[in-house]
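One file, model23.txt, carrying compact mmCIF, C-alpha atoms:
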# COMPACT_ATOMS: atom_id res chain seq x y z
CA MET A 239 20.13 -8.73 12.85
CA LYS A 240 18.63 -8.75 9.35
CA ILE A 241 15.58 -6.72 8.39
CA GLN A 242 13.49 -6.64 5.22
CA VAL A 243 12.71 -3.14 3.96
CA ASN A 244 10.20 -2.27 1.26
CA VAL A 245 11.11 1.09 -0.26
CA LYS A 246 8.88 3.61 -2.02
CA THR A 247 10.93 6.27 -3.84
CA ASN A 248 9.90 9.77 -4.96
CA ALA A 249 7.47 10.08 -2.05
CA LYS A 250 6.04 13.41 -0.92
CA GLN A 251 7.19 12.82 2.65
CA GLN A 252 9.72 10.59 4.33
CA LYS A 253 8.47 8.09 6.89
CA VAL A 254 9.02 4.61 8.28
CA GLU A 255 6.28 2.12 9.10
CA LYS A 256 6.89 -1.06 11.07
CA LEU A 257 4.98 -3.97 9.54
CA SER A 258 6.33 -6.76 11.75
CA GLU A 259 9.35 -7.49 13.94
CA ASN A 260 11.72 -7.82 10.97
CA GLU A 261 9.85 -5.98 8.20
CA TYR A 262 9.56 -2.25 7.56
CA LYS A 263 8.13 -0.01 4.86
CA VAL A 264 10.11 3.16 4.10
CA TRP A 265 9.11 6.17 2.01
CA VAL A 266 11.94 8.41 0.76
CA LYS A 267 11.88 11.61 -1.29
CA GLU A 268 14.99 10.74 -3.27
CA PRO A 269 14.81 9.07 -6.70
CA ALA A 270 16.12 5.57 -7.32
CA LYS A 271 19.08 6.90 -9.30
CA GLU A 272 22.78 6.91 -8.38
CA ASN A 273 22.09 5.16 -5.04
CA LYS A 274 20.36 8.27 -3.64
CA ALA A 275 17.41 6.23 -2.34
CA ASN A 276 19.73 3.63 -0.80
CA TYR A 277 21.59 6.32 1.13
CA ALA A 278 18.28 7.80 2.29
CA VAL A 279 17.13 4.39 3.53
CA ILE A 280 20.37 3.97 5.50
CA ASP A 281 19.92 7.45 7.00
CA MET A 282 16.35 6.79 8.07
CA MET A 283 17.00 3.32 9.48
CA SER A 284 19.97 4.62 11.47
CA GLU A 285 17.63 7.13 13.12
CA VAL A 286 14.98 4.48 13.81
CA PHE A 287 17.43 2.09 15.49
CA SER A 288 19.65 4.83 17.00
CA VAL A 289 22.84 3.45 15.49
CA SER A 290 25.50 5.00 13.30
CA LYS A 291 25.12 4.94 9.51
CA SER A 292 28.30 2.92 9.14
CA SER A 293 26.83 0.03 11.16
CA ILE A 294 24.03 -0.50 8.59
CA GLN A 295 24.64 -2.46 5.37
CA ILE A 296 22.34 -3.29 2.48
CA VAL A 297 23.01 -7.02 2.07
CA SER A 298 20.77 -7.60 -0.95
CA GLY A 299 18.43 -5.60 -3.15
CA LEU A 300 20.62 -2.65 -4.11
CA LYS A 301 18.62 -2.24 -7.32
CA SER A 302 15.31 -3.55 -5.97
CA LYS A 303 12.45 -2.06 -3.97
CA THR A 304 12.73 -4.90 -1.47
CA LYS A 305 16.01 -4.76 0.43
CA ILE A 306 17.61 -6.80 3.18
CA ILE A 307 19.62 -4.68 5.58
CA LYS A 308 21.98 -5.87 8.29
CA LEU A 309 22.49 -4.07 11.58
Starting from the file, give its structure as structure tokens.
Amino acid sequence: MKIQVNVKTNAKQQKVEKLSENEYKVWVKEPAKENKANYAVIDMMSEVFSVSKSSIQIVSGLKSKTKIIKL
């Protein structure tokens, strides 16, 4: 299953908003440096879908605000 995630970094609070069946908006506190925001997105999406962190991959958009993740 592939999902599009729009990421906002350096947010005051962390949250996830479902926009549609395959599209989410994620706010993370971490900066977009040294993959910190990417790891935070993986952590948050693993909690949302109740799966392990290792079962989530960022397929595209490692350096972009719009990411495609694979479950």
Checklist entry - Residues at most 8 Å from stretch 273-288 of chain A, counting all atoms listed in the file, excluding those fewer than 4 positions away in the same chain, as a ChimeraX atom specification? => result /A:245,247,254,264,266-269,294-295,300
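Put simply, atom CA of A:Ile296 is 20.5 Å away from atom CA of A:Ala249.
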Next on the checklist: Report, in Å to a single decimal, how far apart atom CA of A:Asn244 and atom CA of A:Ser290 are.
Outcome noted: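 Result for atom CA of A:Ser290 versus atom CA of A:Asn244: 20.8 Å, one decimal.
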Item to check | For A:Asn260, the nearest of the candidates A:Met239, A:Glu272, A:Lys246, A:Lys303, counting only C-alpha atoms | outcome: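 Smallest distance to A:Asn260 is found for A:Met239.
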Next on the checklist: So that I can see what lies close to A:Ile241, please list as a ChimeraX atom specification the residues with an atom at most 12 Å from it, counting all atoms listed in the file and leaving out residues fewer than 4 positions away in the same chain.
Outcome noted: /A:256-263,283,287,294-299,304-309
Selection to disk with C-alpha atoms, as a compact mmCIF listing (two decimals), in the frame of the given file:
# COMPACT_ATOMS: atom_id res chain seq x y z
CA LYS A 256 6.89 -1.06 11.07
CA LEU A 257 4.98 -3.97 9.54
CA SER A 258 6.33 -6.76 11.75
CA GLU A 259 9.35 -7.49 13.94
CA ASN A 260 11.72 -7.82 10.97
CA GLU A 261 9.85 -5.98 8.20
CA TYR A 262 9.56 -2.25 7.56
CA LYS A 263 8.13 -0.01 4.86
CA MET A 283 17.00 3.32 9.48
CA PHE A 287 17.43 2.09 15.49
CA ILE A 294 24.03 -0.50 8.59
CA GLN A 295 24.64 -2.46 5.37
CA ILE A 296 22.34 -3.29 2.48
CA VAL A 297 23.01 -7.02 2.07
CA SER A 298 20.77 -7.60 -0.95
CA GLY A 299 18.43 -5.60 -3.15
CA THR A 304 12.73 -4.90 -1.47
CA LYS A 305 16.01 -4.76 0.43
CA ILE A 306 17.61 -6.80 3.18
CA ILE A 307 19.62 -4.68 5.58
CA LYS A 308 21.98 -5.87 8.29
CA LEU A 309 22.49 -4.07 11.58
Can you fill out stretch 290-301 of chain A with all heavy atoms and hand it back as an mmCIF file, keeping the file's coordinate frame?
data_model
loop_
_atom_site.group_PDB
_atom_site.id
_atom_site.type_symbol
_atom_site.label_atom_id
_atom_site.label_comp_id
_atom_site.auth_asym_id
_atom_site.auth_seq_id
_atom_site.Cartn_x
_atom_site.Cartn_y
_atom_site.Cartn_z
ATOM 1 N N SER A 290 24.800 4.202 14.300
ATOM 2 C CA SER A 290 25.500 5.000 13.300
ATOM 3 C C SER A 290 25.216 4.471 11.892
ATOM 4 O O SER A 290 24.876 3.301 11.712
ATOM 5 C CB SER A 290 27.006 4.977 13.561
ATOM 6 O OG SER A 290 27.510 3.685 13.361
ATOM 7 N N LYS A 291 25.365 5.328 10.900
ATOM 8 C CA LYS A 291 25.120 4.940 9.510
ATOM 9 C C LYS A 291 26.085 3.866 9.039
ATOM 10 O O LYS A 291 25.729 3.028 8.227
ATOM 11 C CB LYS A 291 25.232 6.163 8.608
ATOM 12 C CG LYS A 291 24.184 7.211 8.856
ATOM 13 C CD LYS A 291 24.434 8.421 7.995
ATOM 14 C CE LYS A 291 23.603 9.582 8.446
ATOM 15 N NZ LYS A 291 23.936 10.807 7.728
ATOM 16 N N SER A 292 27.291 3.886 9.576
ATOM 17 C CA SER A 292 28.300 2.920 9.140
ATOM 18 C C SER A 292 28.013 1.511 9.652
ATOM 19 O O SER A 292 28.586 0.551 9.138
ATOM 20 C CB SER A 292 29.681 3.363 9.595
ATOM 21 O OG SER A 292 29.747 3.423 10.998
ATOM 22 N N SER A 293 27.139 1.368 10.634
ATOM 23 C CA SER A 293 26.830 0.030 11.160
ATOM 24 C C SER A 293 25.663 -0.616 10.411
ATOM 25 O O SER A 293 25.254 -1.716 10.754
ATOM 26 C CB SER A 293 26.524 0.106 12.648
ATOM 27 O OG SER A 293 25.358 0.865 12.873
ATOM 28 N N ILE A 294 25.129 0.043 9.391
ATOM 29 C CA ILE A 294 24.030 -0.500 8.590
ATOM 30 C C ILE A 294 24.543 -0.815 7.194
ATOM 31 O O ILE A 294 25.189 0.018 6.571
ATOM 32 C CB ILE A 294 22.855 0.485 8.526
ATOM 33 C CG1 ILE A 294 22.269 0.687 9.912
ATOM 34 C CG2 ILE A 294 21.788 -0.006 7.562
ATOM 35 C CD1 ILE A 294 21.126 1.667 9.968
ATOM 36 N N GLN A 295 24.242 -2.029 6.717
ATOM 37 C CA GLN A 295 24.640 -2.460 5.370
ATOM 38 C C GLN A 295 23.417 -2.960 4.629
ATOM 39 O O GLN A 295 22.560 -3.625 5.213
ATOM 40 C CB GLN A 295 25.619 -3.620 5.435
ATOM 41 C CG GLN A 295 27.011 -3.282 5.847
ATOM 42 C CD GLN A 295 27.872 -4.534 5.796
ATOM 43 O OE1 GLN A 295 27.485 -5.571 6.325
ATOM 44 N NE2 GLN A 295 29.017 -4.438 5.171
ATOM 45 N N ILE A 296 23.357 -2.681 3.336
ATOM 46 C CA ILE A 296 22.340 -3.290 2.480
ATOM 47 C C ILE A 296 22.948 -4.580 1.953
ATOM 48 O O ILE A 296 23.872 -4.547 1.141
ATOM 49 C CB ILE A 296 21.907 -2.351 1.354
ATOM 50 C CG1 ILE A 296 21.281 -1.091 1.934
ATOM 51 C CG2 ILE A 296 20.922 -3.058 0.433
ATOM 52 C CD1 ILE A 296 20.881 -0.054 0.921
ATOM 53 N N VAL A 297 22.446 -5.713 2.427
ATOM 54 C CA VAL A 297 23.010 -7.020 2.070
ATOM 55 C C VAL A 297 22.550 -7.434 0.683
ATOM 56 O O VAL A 297 23.345 -7.932 -0.111
ATOM 57 C CB VAL A 297 22.598 -8.080 3.121
ATOM 58 C CG1 VAL A 297 23.131 -9.447 2.757
ATOM 59 C CG2 VAL A 297 23.079 -7.671 4.498
ATOM 60 N N SER A 298 21.266 -7.253 0.380
ATOM 61 C CA SER A 298 20.770 -7.600 -0.950
ATOM 62 C C SER A 298 19.673 -6.619 -1.345
ATOM 63 O O SER A 298 19.052 -5.992 -0.495
ATOM 64 C CB SER A 298 20.240 -9.031 -0.997
ATOM 65 O OG SER A 298 19.055 -9.139 -0.242
ATOM 66 N N GLY A 299 19.469 -6.472 -2.647
ATOM 67 C CA GLY A 299 18.430 -5.600 -3.150
ATOM 68 C C GLY A 299 18.882 -4.185 -3.434
ATOM 69 O O GLY A 299 18.095 -3.256 -3.324
ATOM 70 N N LEU A 300 20.135 -4.002 -3.811
ATOM 71 C CA LEU A 300 20.620 -2.650 -4.110
ATOM 72 C C LEU A 300 19.843 -1.997 -5.243
ATOM 73 O O LEU A 300 19.663 -0.788 -5.248
ATOM 74 C CB LEU A 300 22.111 -2.679 -4.463
ATOM 75 C CG LEU A 300 23.072 -2.826 -3.295
ATOM 76 C CD1 LEU A 300 24.483 -3.036 -3.807
ATOM 77 C CD2 LEU A 300 23.013 -1.609 -2.397
ATOM 78 N N LYS A 301 19.373 -2.778 -6.187
ATOM 79 C CA LYS A 301 18.620 -2.240 -7.320
ATOM 80 C C LYS A 301 17.166 -2.697 -7.293
ATOM 81 O O LYS A 301 16.503 -2.712 -8.316
ATOM 82 C CB LYS A 301 19.280 -2.653 -8.630
ATOM 83 C CG LYS A 301 20.651 -2.051 -8.811
ATOM 84 C CD LYS A 301 21.235 -2.381 -10.146
ATOM 85 C CE LYS A 301 22.593 -1.710 -10.300
ATOM 86 N NZ LYS A 301 23.133 -1.908 -11.641
#
